[in-house]
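Colleague: Next comes coords30.cif, mmCIF, C-alpha atoms and all ligand atoms:
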data_entry
loop_
_atom_site.label_atom_id
_atom_site.label_comp_id
_atom_site.auth_asym_id
_atom_site.auth_seq_id
_atom_site.Cartn_x
_atom_site.Cartn_y
_atom_site.Cartn_z
CA MET D 1 88.13 88.41 96.98
CA LYS D 2 90.96 90.47 98.44
CA ALA D 3 93.68 92.10 96.32
CA LEU D 4 96.30 94.85 96.39
CA CYS D 5 95.03 97.73 94.27
CA TRP D 6 96.79 100.77 92.84
CA GLN D 7 95.02 103.92 93.97
CA GLY D 8 97.59 106.50 92.89
CA LYS D 9 101.22 107.37 93.43
CA HIS D 10 102.47 105.89 96.74
CA ASP D 11 99.00 104.50 97.41
CA ILE D 12 98.52 100.72 97.27
CA ARG D 13 95.50 99.38 99.20
CA TYR D 14 94.29 95.98 100.37
CA GLU D 15 90.75 95.96 99.05
CA THR D 16 87.75 93.78 98.36
CA VAL D 17 87.20 93.38 94.61
CA PRO D 18 85.00 91.14 92.43
CA ASP D 19 86.25 87.58 91.89
CA PRO D 20 87.65 86.98 88.39
CA ALA D 21 85.73 84.72 86.03
CA ILE D 22 86.48 82.90 82.77
CA GLU D 23 85.96 85.46 79.99
CA HIS D 24 87.40 83.52 77.07
CA PRO D 25 87.70 79.78 76.27
CA ARG D 26 91.52 79.98 76.57
CA ASP D 27 91.38 81.39 80.14
CA ALA D 28 92.09 79.69 83.44
CA ILE D 29 91.43 80.88 86.98
CA VAL D 30 94.31 80.38 89.42
CA LYS D 31 94.05 80.49 93.21
CA VAL D 32 97.22 82.28 94.27
CA SER D 33 99.34 80.52 96.91
CA SER D 34 102.32 82.93 96.80
CA CYS D 35 103.12 86.20 95.10
CA ALA D 36 105.96 88.71 95.25
CA ILE D 37 106.68 92.42 94.90
CA CYS D 38 109.01 93.19 91.99
CA GLY D 39 111.22 96.21 91.35
CA SER D 40 108.98 96.90 88.36
CA ASP D 41 106.03 97.32 90.76
CA LEU D 42 107.98 100.13 92.40
CA HIS D 43 107.94 102.11 89.14
CA LEU D 44 104.10 101.99 89.31
CA PHE D 45 104.11 102.73 93.05
CA ASP D 46 106.39 105.72 92.52
CA GLY D 47 104.19 107.00 89.69
CA PHE D 48 106.72 106.79 86.84
CA VAL D 49 104.72 104.55 84.53
CA PRO D 50 101.79 106.20 82.71
CA ASP D 51 98.29 104.83 82.09
CA MET D 52 97.60 103.21 85.47
CA HIS D 53 93.95 103.44 86.57
CA HIS D 54 92.49 103.65 90.08
CA GLY D 55 91.66 100.18 91.34
CA ASP D 56 94.08 98.28 89.05
CA ILE D 57 95.11 95.01 90.71
CA MET D 58 98.90 94.82 91.13
CA GLY D 59 101.29 91.91 90.79
CA HIS D 60 103.06 89.98 88.07
CA GLU D 61 105.09 87.39 90.00
CA PHE D 62 102.71 84.73 91.32
CA MET D 63 101.82 81.06 91.40
CA GLY D 64 99.08 78.81 92.62
CA GLU D 65 96.53 76.14 91.80
CA VAL D 66 94.31 75.96 88.72
CA MET D 67 90.67 76.19 89.87
CA GLU D 68 88.83 76.43 86.56
CA VAL D 69 89.72 76.20 82.87
CA GLY D 70 87.99 77.53 79.74
CA SER D 71 86.69 75.10 77.11
CA ASP D 72 89.66 75.61 74.74
CA THR D 73 92.28 75.16 77.46
CA THR D 74 93.60 71.68 76.83
CA THR D 75 97.03 71.45 78.45
CA LEU D 76 95.93 72.47 81.94
CA ARG D 77 93.69 70.64 84.40
CA VAL D 78 91.93 71.74 87.54
CA GLY D 79 94.30 71.09 90.44
CA ASP D 80 97.52 71.69 88.45
CA ARG D 81 100.17 73.67 90.29
CA VAL D 82 101.54 76.46 88.12
CA VAL D 83 103.85 79.44 88.11
CA VAL D 84 102.51 82.15 85.82
CA PRO D 85 105.05 84.08 83.67
CA PHE D 86 104.46 87.82 83.80
CA THR D 87 104.44 88.08 79.98
CA ILE D 88 101.18 86.78 78.52
CA ALA D 89 101.93 84.80 75.35
CA CYS D 90 99.57 83.41 72.71
CA GLY D 91 102.16 80.86 71.57
CA GLU D 92 101.14 81.16 67.92
CA CYS D 93 102.03 84.59 66.50
CA TYR D 94 105.18 85.48 64.54
CA GLN D 95 107.02 86.56 67.72
CA CYS D 96 105.91 83.67 69.93
CA ARG D 97 107.03 81.18 67.28
CA ARG D 98 110.50 82.75 67.61
CA GLY D 99 110.44 82.67 71.40
CA ASN D 100 110.05 86.45 71.63
CA PHE D 101 107.21 86.11 74.12
CA SER D 102 107.48 89.59 75.64
CA VAL D 103 106.58 91.08 72.28
CA CYS D 104 103.73 88.66 71.53
CA GLU D 105 101.63 90.33 68.85
CA ARG D 106 98.25 89.23 70.15
CA THR D 107 97.96 89.48 73.90
CA ASN D 108 97.99 93.27 74.36
CA ARG D 109 94.34 94.23 74.25
CA ASN D 110 95.24 97.94 74.10
CA ALA D 111 97.45 97.44 71.05
CA GLU D 112 96.41 100.65 69.36
CA ARG D 113 97.22 102.79 72.39
CA ALA D 114 100.57 101.05 72.83
CA SER D 115 101.45 101.49 69.15
CA LYS D 116 100.96 105.23 69.43
CA MET D 117 103.55 105.35 72.17
CA PHE D 118 106.08 102.69 71.05
CA GLY D 119 105.41 102.27 67.33
CA HIS D 120 104.21 98.71 67.95
CA PRO D 121 102.34 96.98 70.75
CA THR D 122 104.25 94.72 73.14
CA ALA D 123 102.83 91.69 74.94
CA GLY D 124 100.12 91.88 77.56
CA LEU D 125 101.57 91.91 81.08
CA PHE D 126 99.86 91.08 84.36
CA GLY D 127 99.30 93.84 86.89
CA TYR D 128 100.97 96.51 84.81
CA THR D 129 99.98 99.63 82.88
CA HIS D 130 97.05 99.75 80.44
CA LEU D 131 99.70 100.26 77.76
CA THR D 132 100.48 96.57 78.28
CA GLY D 133 96.85 95.49 78.25
CA GLY D 134 95.70 96.50 81.74
CA TYR D 135 95.35 92.89 82.94
CA ALA D 136 94.50 92.31 86.61
CA GLY D 137 97.55 91.08 88.49
CA GLY D 138 98.37 88.31 90.92
CA GLN D 139 98.76 90.15 94.23
CA ALA D 140 95.29 88.78 94.89
CA GLU D 141 93.48 85.67 96.05
CA TYR D 142 92.53 84.68 92.50
CA VAL D 143 93.64 85.73 89.05
CA ARG D 144 92.37 85.21 85.53
CA VAL D 145 95.15 83.87 83.30
CA PRO D 146 94.46 84.61 79.61
CA TYR D 147 96.00 82.27 77.00
CA ALA D 148 96.51 79.88 79.90
CA ASP D 149 97.64 76.97 77.72
CA THR D 150 100.79 78.85 76.77
CA THR D 151 101.06 81.22 79.76
CA HIS D 152 102.02 78.83 82.54
CA VAL D 153 104.86 76.73 83.87
CA ARG D 154 103.67 73.50 85.49
CA VAL D 155 105.70 72.74 88.61
CA PRO D 156 106.26 69.49 90.47
CA ASP D 157 104.90 69.11 94.01
CA GLY D 158 108.25 68.24 95.55
CA LEU D 159 109.49 71.83 95.37
CA SER D 160 108.35 74.62 97.71
CA ASP D 161 106.59 77.74 96.43
CA GLU D 162 109.65 79.72 97.43
CA GLN D 163 111.94 77.61 95.23
CA VAL D 164 109.87 78.06 92.05
CA LEU D 165 107.94 81.34 92.45
CA PHE D 166 110.65 83.45 90.82
CA LEU D 167 110.47 81.41 87.60
CA GLY D 168 107.64 83.86 86.80
CA ASP D 169 109.97 86.85 86.60
CA ILE D 170 113.25 87.64 88.35
CA PHE D 171 115.10 84.36 87.80
CA PRO D 172 114.56 84.26 84.00
CA THR D 173 115.13 88.03 83.97
CA GLY D 174 118.58 87.71 85.53
CA TRP D 175 119.27 84.69 83.32
CA GLN D 176 118.25 86.46 80.10
CA ALA D 177 120.35 89.46 81.12
CA ALA D 178 123.37 87.16 81.29
CA VAL D 179 122.53 85.25 78.10
CA GLN D 180 122.37 88.57 76.26
CA CYS D 181 126.00 89.11 77.31
CA GLU D 182 127.16 86.07 75.27
CA ILE D 183 129.54 85.29 78.10
CA GLU D 184 132.99 83.92 77.32
CA PRO D 185 135.28 82.29 79.92
CA THR D 186 137.62 85.30 79.93
CA ASP D 187 134.83 87.82 80.61
CA THR D 188 134.50 90.23 83.47
CA VAL D 189 130.80 91.09 83.78
CA ALA D 190 129.74 94.19 85.74
CA VAL D 191 126.21 94.22 87.18
CA TRP D 192 124.72 97.54 88.30
CA GLY D 193 122.07 96.99 90.99
CA ALA D 194 122.09 94.34 93.73
CA GLY D 195 118.32 94.16 94.00
CA PRO D 196 116.55 90.87 93.30
CA VAL D 197 117.22 91.10 89.54
CA GLY D 198 120.88 91.99 90.08
CA GLN D 199 121.23 89.01 92.47
CA MET D 200 119.85 86.65 89.83
CA ALA D 201 122.06 88.25 87.17
CA VAL D 202 125.20 87.79 89.30
CA ARG D 203 124.52 84.08 89.81
CA SER D 204 123.40 83.56 86.21
CA ALA D 205 126.55 85.18 84.81
CA LEU D 206 128.72 82.89 86.95
CA LEU D 207 126.66 79.81 86.04
CA GLN D 208 127.12 80.79 82.40
CA GLY D 209 130.87 80.77 82.88
CA ALA D 210 131.99 84.36 83.48
CA LYS D 211 135.53 84.63 84.84
CA ARG D 212 134.51 87.33 87.28
CA VAL D 213 131.39 89.30 88.20
CA ILE D 214 131.47 92.75 89.79
CA CYS D 215 128.29 94.07 91.42
CA ILE D 216 127.57 97.74 92.15
CA ASP D 217 125.04 99.19 94.63
CA ASN D 218 125.05 101.28 97.80
CA VAL D 219 122.98 99.03 100.08
CA PRO D 220 125.40 97.02 102.27
CA GLU D 221 123.22 93.94 102.84
CA ARG D 222 122.46 93.70 99.13
CA LEU D 223 126.17 93.91 98.33
CA ASP D 224 126.82 91.22 100.98
CA MET D 225 124.29 88.94 99.30
CA ALA D 226 125.94 89.53 95.91
CA ALA D 227 129.34 88.73 97.47
CA GLN D 228 127.92 85.48 98.89
CA GLY D 229 126.86 84.68 95.34
CA GLY D 230 130.44 85.11 94.15
CA ALA D 231 130.65 88.76 93.09
CA VAL D 232 133.30 91.36 93.83
CA THR D 233 131.36 94.40 95.07
CA ILE D 234 131.57 98.17 94.76
CA ASN D 235 129.63 100.53 97.02
CA PHE D 236 128.97 103.63 94.92
CA ASP D 237 128.55 105.78 98.04
CA GLN D 238 132.08 104.95 99.08
CA GLU D 239 134.03 104.68 95.86
CA SER D 240 134.06 105.96 92.32
CA VAL D 241 132.44 103.28 90.19
CA LEU D 242 134.36 104.24 87.07
CA ASP D 243 137.74 104.37 88.84
CA TRP D 244 137.18 101.05 90.60
CA LEU D 245 135.97 99.25 87.50
CA GLY D 246 139.06 100.56 85.75
CA ASP D 247 141.37 99.40 88.55
CA LEU D 248 139.79 95.95 88.75
CA THR D 249 140.22 95.39 85.00
CA ASP D 250 143.74 96.83 84.53
CA GLY D 251 142.23 99.85 82.84
CA LYS D 252 140.46 97.80 80.17
CA GLY D 253 136.91 98.03 81.52
CA PRO D 254 134.41 95.22 81.98
CA ASP D 255 133.76 93.15 78.84
CA LYS D 256 130.02 93.03 79.48
CA CYS D 257 127.76 95.35 81.50
CA ILE D 258 124.30 94.63 82.92
CA ASP D 259 121.90 97.40 83.99
CA ALA D 260 119.71 95.81 86.70
CA VAL D 261 118.63 99.23 88.00
CA GLY D 262 116.48 100.93 85.38
CA LEU D 263 114.71 104.26 85.30
CA GLU D 264 114.90 105.15 89.01
CA ALA D 265 118.70 105.09 89.27
CA HIS D 266 120.15 107.33 91.91
CA ALA D 267 123.69 108.56 92.31
CA SER D 268 125.26 110.02 95.39
CA ARG D 269 127.83 112.33 93.92
CA SER D 270 127.22 113.19 90.35
CA LEU D 271 125.97 116.27 88.58
CA ASP D 272 124.16 114.29 85.92
CA SER D 273 121.89 112.73 88.51
CA MET D 274 120.84 116.17 89.82
CA TYR D 275 120.19 117.17 86.24
CA ASP D 276 118.02 114.06 85.68
CA ARG D 277 116.03 114.56 88.86
CA ALA D 278 115.31 118.18 87.96
CA LYS D 279 114.23 117.28 84.43
CA GLN D 280 112.15 114.34 85.63
CA ALA D 281 110.41 116.53 88.22
CA VAL D 282 109.18 118.96 85.58
CA GLY D 283 108.29 116.21 83.12
CA ALA D 284 111.04 117.06 80.63
CA GLU D 285 112.55 113.58 80.94
CA THR D 286 110.75 110.46 82.12
CA ASP D 287 113.69 108.25 83.08
CA ARG D 288 117.02 108.72 84.88
CA PRO D 289 119.70 107.05 82.70
CA HIS D 290 122.63 107.42 85.08
CA VAL D 291 123.60 103.75 84.85
CA LEU D 292 123.39 103.73 81.04
CA ARG D 293 125.86 106.61 80.93
CA GLU D 294 128.29 104.82 83.24
CA MET D 295 128.05 101.58 81.27
CA ILE D 296 128.74 103.30 77.95
CA TYR D 297 131.71 105.12 79.41
CA VAL D 298 133.36 102.20 81.17
CA CYS D 299 132.53 99.18 78.96
CA ARG D 300 135.46 97.73 77.07
CA PRO D 301 135.28 98.53 73.33
CA GLY D 302 133.48 95.83 71.39
CA GLY D 303 131.55 94.89 74.55
CA ILE D 304 127.88 94.30 75.24
CA LEU D 305 125.43 96.34 77.32
CA SER D 306 122.56 94.15 78.56
CA ILE D 307 119.59 96.07 79.95
CA PRO D 308 116.95 94.21 81.96
CA GLY D 309 116.31 97.39 84.00
CA VAL D 310 113.01 98.92 82.95
CA TYR D 311 112.82 102.21 81.07
CA GLY D 312 109.47 103.72 80.22
CA GLY D 313 109.89 106.76 78.06
CA VAL D 314 112.63 109.15 77.00
CA VAL D 315 116.13 109.69 78.31
CA ASP D 316 118.48 112.59 77.82
CA LYS D 317 122.23 113.14 77.47
CA ILE D 318 123.15 109.64 76.39
CA PRO D 319 126.75 109.71 75.08
CA PHE D 320 125.75 107.92 71.93
CA GLY D 321 128.93 108.93 70.13
CA ALA D 322 130.98 107.02 72.69
CA SER D 323 128.78 103.98 72.27
CA MET D 324 128.97 104.10 68.47
CA ASN D 325 132.71 104.66 68.28
CA LYS D 326 133.46 101.96 70.86
CA GLY D 327 131.37 99.51 68.85
CA LEU D 328 129.12 98.55 71.75
CA THR D 329 126.18 96.18 71.30
CA TRP D 330 122.93 96.95 73.15
CA ARG D 331 120.62 94.10 74.17
CA MET D 332 117.46 94.71 76.16
CA GLY D 333 113.83 93.94 76.73
CA GLN D 334 111.14 92.65 79.00
CA THR D 335 111.95 89.01 79.64
CA HIS D 336 110.75 86.29 77.25
CA VAL D 337 110.00 84.33 80.42
CA ARG D 338 108.68 81.09 78.90
CA ARG D 339 111.78 80.82 76.68
CA TRP D 340 113.94 80.02 79.70
CA THR D 341 111.70 78.34 82.26
CA ASP D 342 112.12 74.65 81.27
CA GLU D 343 115.90 74.96 81.57
CA LEU D 344 115.75 76.95 84.80
CA LEU D 345 113.20 74.63 86.44
CA GLY D 346 115.56 71.79 85.56
CA MET D 347 118.40 73.59 87.32
CA ILE D 348 116.25 74.06 90.44
CA VAL D 349 115.26 70.37 90.43
CA GLU D 350 118.94 69.37 90.07
CA GLY D 351 119.88 71.64 92.96
CA LYS D 352 122.20 73.85 90.87
CA ILE D 353 120.47 76.93 92.25
CA ASP D 354 117.78 77.66 94.82
CA PRO D 355 116.34 81.11 94.01
CA SER D 356 114.69 81.36 97.44
CA PHE D 357 118.02 82.69 98.79
CA VAL D 358 116.83 86.19 97.88
CA ILE D 359 113.73 86.21 100.15
CA THR D 360 114.04 88.36 103.27
CA HIS D 361 110.35 88.93 104.13
CA THR D 362 107.28 86.68 104.03
CA VAL D 363 103.98 88.29 105.05
CA PRO D 364 100.21 87.89 104.62
CA LEU D 365 98.85 89.73 101.56
CA GLU D 366 97.11 92.30 103.76
CA GLU D 367 100.50 93.59 104.91
CA GLY D 368 101.37 94.28 101.26
CA PRO D 369 100.77 98.05 101.30
CA GLY D 370 103.33 98.53 104.07
CA MET D 371 105.78 96.14 102.40
CA TYR D 372 105.79 98.25 99.24
CA LYS D 373 107.33 101.05 101.33
CA THR D 374 109.70 98.75 103.20
CA PHE D 375 110.97 97.28 99.90
CA ARG D 376 111.21 100.64 98.13
CA ASP D 377 113.10 102.26 101.03
CA LYS D 378 115.29 99.15 101.61
CA LYS D 379 114.29 99.24 105.30
CA ASP D 380 114.67 96.35 107.69
CA GLY D 381 117.19 94.61 105.40
CA CYS D 382 114.43 94.06 102.84
CA ILE D 383 115.58 92.53 99.55
CA LYS D 384 112.60 90.43 98.37
CA VAL D 385 109.06 90.22 99.71
CA VAL D 386 106.83 87.15 99.32
CA MET D 387 103.15 87.50 100.21
CA LYS D 388 100.56 84.85 101.05
CA PRO D 389 96.93 85.63 100.15
P1 LIG D 401 115.20 97.02 93.08
O1 LIG D 401 114.61 98.37 93.00
O2 LIG D 401 115.06 96.25 94.35
O3 LIG D 401 116.76 97.04 92.72
C1 LIG D 401 117.39 98.12 92.13
C2 LIG D 401 118.73 98.28 92.82
O4 LIG D 401 119.49 99.25 92.11
C3 LIG D 401 118.62 98.77 94.26
O5 LIG D 401 119.28 97.88 95.14
C4 LIG D 401 119.28 100.16 94.22
O6 LIG D 401 119.95 100.48 95.42
C5 LIG D 401 120.24 99.99 93.06
N1 LIG D 401 120.70 101.23 92.44
C6 LIG D 401 120.07 102.42 92.31
N2 LIG D 401 120.84 103.31 91.66
C7 LIG D 401 121.99 102.66 91.35
C8 LIG D 401 123.19 103.05 90.71
N3 LIG D 401 123.35 104.29 90.23
N4 LIG D 401 124.18 102.13 90.57
C9 LIG D 401 124.04 100.86 91.05
N5 LIG D 401 122.92 100.44 91.69
C10 LIG D 401 121.91 101.33 91.84
O7 LIG D 401 114.52 96.22 91.87
P2 LIG D 401 114.73 94.79 91.16
O8 LIG D 401 113.54 93.95 91.47
O9 LIG D 401 116.06 94.23 91.40
O10 LIG D 401 114.59 95.27 89.64
C11 LIG D 401 115.64 95.97 89.01
C12 LIG D 401 115.19 96.52 87.68
O11 LIG D 401 114.83 95.43 86.81
C13 LIG D 401 113.96 97.42 87.74
O12 LIG D 401 114.07 98.47 86.82
C14 LIG D 401 112.84 96.50 87.31
O13 LIG D 401 111.75 97.21 86.77
C15 LIG D 401 113.55 95.69 86.27
N6 LIG D 401 112.93 94.42 85.89
C16 LIG D 401 112.89 94.12 84.57
C17 LIG D 401 112.35 92.96 84.13
C18 LIG D 401 112.37 92.64 82.67
O14 LIG D 401 111.59 91.82 82.22
N7 LIG D 401 113.27 93.24 81.89
C19 LIG D 401 111.81 92.05 85.06
C20 LIG D 401 111.88 92.36 86.41
C21 LIG D 401 112.44 93.56 86.82
ZN ZN D 402 108.85 92.13 87.51
#
Transcribe the structure of this file into structure tokens.
Modeller:
Amino acid sequence: MKALCWQGKHDIRYETVPDPAIEHPRDAIVKVSSCAICGSDLHLFDGFVPDMHHGDIMGHEFMGEVMEVGSDTTTLRVGDRVVVPFTIACGECYQCRRGNFSVCERTNRNAERASKMFGHPTAGLFGYTHLTGGYAGGQAEYVRVPYADTTHVRVPDGLSDEQVLFLGDIFPTGWQAAVQCEIEPTDTVAVWGAGPVGQMAVRSALLQGAKRVICIDNVPERLDMAAQGGAVTINFDQESVLDWLGDLTDGKGPDKCIDAVGLEAHASRSLDSMYDRAKQAVGAETDRPHVLREMIYVCRPGGILSIPGVYGGVVDKIPFGASMNKGLTWRMGQTHVRRWTDELLGMIVEGKIDPSFVITHTVPLEEGPGMYKTFRDKKDGCIKVVMKP
């Protein structure tokens, strides 16, 4: 079959690879009808996430048709149409029973390696680093889905791929980011990043009843899309984020802050970002925490920082004293996708939201390698890429 494979930093290739097969009775094989490139894929593309191997198949946002099921797979049938959550969940362990699917205790087959780095293993993820199990991803014609009984969302035929595809990642990710904010009707929520996750976070925060959402980025068309979704916007190339957030909140600061940017944050006019880039370049710091610093500084005391943006290793110069003394609460994590998908699918069916609004590019899978660059560089108005194998 054909798949997009990681062959090193800035090197994704469309290659011929062996077809996947059932390896375990709880597996299913899915023929992919649509898949997407996620901001998290860019961290692999840009070489910031360790333990990627040459030839690893990319992709963790995908859907398709069940072609084959293992003998212990009882809730799925051949022919079912499914979206596959990017977090692989056994459904039975201590964490899965609590809905903490992204820290499932069983699905990371490199648990020992992951424990050395993080203290504990986290769940297996599709198309990601070997620290999260090294599972082949869904930017491919076919994919093996482990623990398929509990790692799927069955979708009705009446909805298009484009309407439901993002149930596998960015829609629940934006939703969870907002839920973590425990939004109250008087809240101003600030969202850093107007990429696909930021877009979902803006709409989720408003659906969850925020009084006002402010979205920060420097890409005009992304800010326009956030404004169409109901946000007030700040372009950080043109204005001081901290000053503007202060002005918009009568000096109080936003009640809740969402970091939908993560470890590759850039900043146009700040010394700390030059410092981060220099340290990252020599390996003295893995992640650039510019947004975290801004959130701590500007968030209203007693507020919540919600962090869907991905961090991989260590950060430096975090004003932890400010965070402690202001009594801020930190909430974060890879998304517990399956925890939210029934509710979110219901909202799509009812027409409360159509997540396909975020798609700007639809291409055949073989154009994937070029689209990684287009998406990373925000060229051609690119906000979200869907690929068809
Ligand atoms: P993206 O790269 O398209 O979006 C990031 C956006 O942040 C870009 O528009 C960029 O211009 C903007 N940005 C950069 N520096 C900024 C700054 N200083 N202030 C404000 N905005 C800034 O990616 P995405 O798909 O939207 O993903 C966003 C983040 O969410 C990534 O870190 C990704 O890995 C993460 N993510 C996490 C989960 C999860 O489960 N927690 C799931 C999906 C994605
Ligand atoms: Zn993702």
Colleague: Give me the residues of chain D that have any atom at most 10 Å from an atom of ligand ZN 402 (chain D); for each, the nearest atom pair and the distance in Å, rounded to one decimal. Use all atoms listed in the file, sort by chain and number, and format it as JSON lines.
Modeller:
{"residue": "D:Ala36", "atom": "CA", "partner": "D:ZN402", "partner_atom": "ZN", "distance": 8.9}
{"residue": "D:Ile37", "atom": "CA", "partner": "D:ZN402", "partner_atom": "ZN", "distance": 7.7}
{"residue": "D:Cys38", "atom": "CA", "partner": "D:ZN402", "partner_atom": "ZN", "distance": 4.6}
{"residue": "D:Gly39", "atom": "CA", "partner": "D:ZN402", "partner_atom": "ZN", "distance": 6.1}
{"residue": "D:Ser40", "atom": "CA", "partner": "D:ZN402", "partner_atom": "ZN", "distance": 4.8}
{"residue": "D:Asp41", "atom": "CA", "partner": "D:ZN402", "partner_atom": "ZN", "distance": 6.7}
{"residue": "D:Leu42", "atom": "CA", "partner": "D:ZN402", "partner_atom": "ZN", "distance": 9.4}
{"residue": "D:Gly59", "atom": "CA", "partner": "D:ZN402", "partner_atom": "ZN", "distance": 8.2}
{"residue": "D:His60", "atom": "CA", "partner": "D:ZN402", "partner_atom": "ZN", "distance": 6.2}
{"residue": "D:Glu61", "atom": "CA", "partner": "D:ZN402", "partner_atom": "ZN", "distance": 6.5}
{"residue": "D:Pro85", "atom": "CA", "partner": "D:ZN402", "partner_atom": "ZN", "distance": 9.7}
{"residue": "D:Phe86", "atom": "CA", "partner": "D:ZN402", "partner_atom": "ZN", "distance": 7.2}
{"residue": "D:Thr87", "atom": "CA", "partner": "D:ZN402", "partner_atom": "ZN", "distance": 9.6}
{"residue": "D:Leu125", "atom": "CA", "partner": "D:ZN402", "partner_atom": "ZN", "distance": 9.7}
{"residue": "D:Phe126", "atom": "CA", "partner": "D:ZN402", "partner_atom": "ZN", "distance": 9.6}
{"residue": "D:Gly127", "atom": "CA", "partner": "D:ZN402", "partner_atom": "ZN", "distance": 9.7}
{"residue": "D:Tyr128", "atom": "CA", "partner": "D:ZN402", "partner_atom": "ZN", "distance": 9.4}
{"residue": "D:Phe166", "atom": "CA", "partner": "D:ZN402", "partner_atom": "ZN", "distance": 9.5}
{"residue": "D:Gly168", "atom": "CA", "partner": "D:ZN402", "partner_atom": "ZN", "distance": 8.4}
{"residue": "D:Asp169", "atom": "CA", "partner": "D:ZN402", "partner_atom": "ZN", "distance": 5.5}
{"residue": "D:Ile170", "atom": "CA", "partner": "D:ZN402", "partner_atom": "ZN", "distance": 6.3}
{"residue": "D:Phe171", "atom": "CA", "partner": "D:ZN402", "partner_atom": "ZN", "distance": 10.0}
{"residue": "D:Thr173", "atom": "CA", "partner": "D:ZN402", "partner_atom": "ZN", "distance": 8.3}
{"residue": "D:Pro196", "atom": "CA", "partner": "D:ZN402", "partner_atom": "ZN", "distance": 9.7}
{"residue": "D:Val197", "atom": "CA", "partner": "D:ZN402", "partner_atom": "ZN", "distance": 8.7}
{"residue": "D:Gly309", "atom": "CA", "partner": "D:ZN402", "partner_atom": "ZN", "distance": 9.8}
{"residue": "D:Val310", "atom": "CA", "partner": "D:ZN402", "partner_atom": "ZN", "distance": 9.2}
{"residue": "D:Gln334", "atom": "CA", "partner": "D:ZN402", "partner_atom": "ZN", "distance": 8.8}
{"residue": "D:Thr335", "atom": "CA", "partner": "D:ZN402", "partner_atom": "ZN", "distance": 9.0}
Colleague: With C-alpha atoms retained, could you export that selection as an mmCIF file, in the frame of the given file?
Modeller:
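Generated output (again.cif):
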data_model
loop_
_atom_site.group_PDB
_atom_site.id
_atom_site.type_symbol
_atom_site.label_atom_id
_atom_site.label_comp_id
_atom_site.auth_asym_id
_atom_site.auth_seq_id
_atom_site.Cartn_x
_atom_site.Cartn_y
_atom_site.Cartn_z
ATOM 1 C CA ALA D 36 105.960 88.710 95.250
ATOM 2 C CA ILE D 37 106.680 92.420 94.900
ATOM 3 C CA CYS D 38 109.010 93.190 91.990
ATOM 4 C CA GLY D 39 111.220 96.210 91.350
ATOM 5 C CA SER D 40 108.980 96.900 88.360
ATOM 6 C CA ASP D 41 106.030 97.320 90.760
ATOM 7 C CA LEU D 42 107.980 100.130 92.400
ATOM 8 C CA GLY D 59 101.290 91.910 90.790
ATOM 9 C CA HIS D 60 103.060 89.980 88.070
ATOM 10 C CA GLU D 61 105.090 87.390 90.000
ATOM 11 C CA PRO D 85 105.050 84.080 83.670
ATOM 12 C CA PHE D 86 104.460 87.820 83.800
ATOM 13 C CA THR D 87 104.440 88.080 79.980
ATOM 14 C CA LEU D 125 101.570 91.910 81.080
ATOM 15 C CA PHE D 126 99.860 91.080 84.360
ATOM 16 C CA GLY D 127 99.300 93.840 86.890
ATOM 17 C CA TYR D 128 100.970 96.510 84.810
ATOM 18 C CA PHE D 166 110.650 83.450 90.820
ATOM 19 C CA GLY D 168 107.640 83.860 86.800
ATOM 20 C CA ASP D 169 109.970 86.850 86.600
ATOM 21 C CA ILE D 170 113.250 87.640 88.350
ATOM 22 C CA PHE D 171 115.100 84.360 87.800
ATOM 23 C CA THR D 173 115.130 88.030 83.970
ATOM 24 C CA PRO D 196 116.550 90.870 93.300
ATOM 25 C CA VAL D 197 117.220 91.100 89.540
ATOM 26 C CA GLY D 309 116.310 97.390 84.000
ATOM 27 C CA VAL D 310 113.010 98.920 82.950
ATOM 28 C CA GLN D 334 111.140 92.650 79.000
ATOM 29 C CA THR D 335 111.950 89.010 79.640
#
Colleague: Neighbours of Leu248 in chain D within 12 Å (all atoms listed in the file; same-chain residues fewer than 5 positions away dropped), as a PyMOL selection string?
Modeller: chain D and resi 188-190+212-215+232-234+241-243+253-255+298
Colleague: Would you output that residue set with C-alpha atoms, as a PDB file, in the coordinates of the input?
Modeller:
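Dumped to result_30.pdb:
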ATOM      1  CA  THR D 188     134.500  90.230  83.470  1.00  0.00           C
ATOM      2  CA  VAL D 189     130.800  91.090  83.780  1.00  0.00           C
ATOM      3  CA  ALA D 190     129.740  94.190  85.740  1.00  0.00           C
ATOM      4  CA  ARG D 212     134.510  87.330  87.280  1.00  0.00           C
ATOM      5  CA  VAL D 213     131.390  89.300  88.200  1.00  0.00           C
ATOM      6  CA  ILE D 214     131.470  92.750  89.790  1.00  0.00           C
ATOM      7  CA  CYS D 215     128.290  94.070  91.420  1.00  0.00           C
ATOM      8  CA  VAL D 232     133.300  91.360  93.830  1.00  0.00           C
ATOM      9  CA  THR D 233     131.360  94.400  95.070  1.00  0.00           C
ATOM     10  CA  ILE D 234     131.570  98.170  94.760  1.00  0.00           C
ATOM     11  CA  VAL D 241     132.440 103.280  90.190  1.00  0.00           C
ATOM     12  CA  LEU D 242     134.360 104.240  87.070  1.00  0.00           C
ATOM     13  CA  ASP D 243     137.740 104.370  88.840  1.00  0.00           C
ATOM     14  CA  GLY D 253     136.910  98.030  81.520  1.00  0.00           C
ATOM     15  CA  PRO D 254     134.410  95.220  81.980  1.00  0.00           C
ATOM     16  CA  ASP D 255     133.760  93.150  78.840  1.00  0.00           C
ATOM     17  CA  VAL D 298     133.360 102.200  81.170  1.00  0.00           C
TER      18      VAL D 298
END
Colleague: Have a look at CA of Pro156 in chain D and CA of Trp340 in chain D and let me know their distance in Å, one decimal.
Modeller: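 Computed distance, CA of Pro156 in chain D to CA of Trp340 in chain D, equals 16.9 Å.
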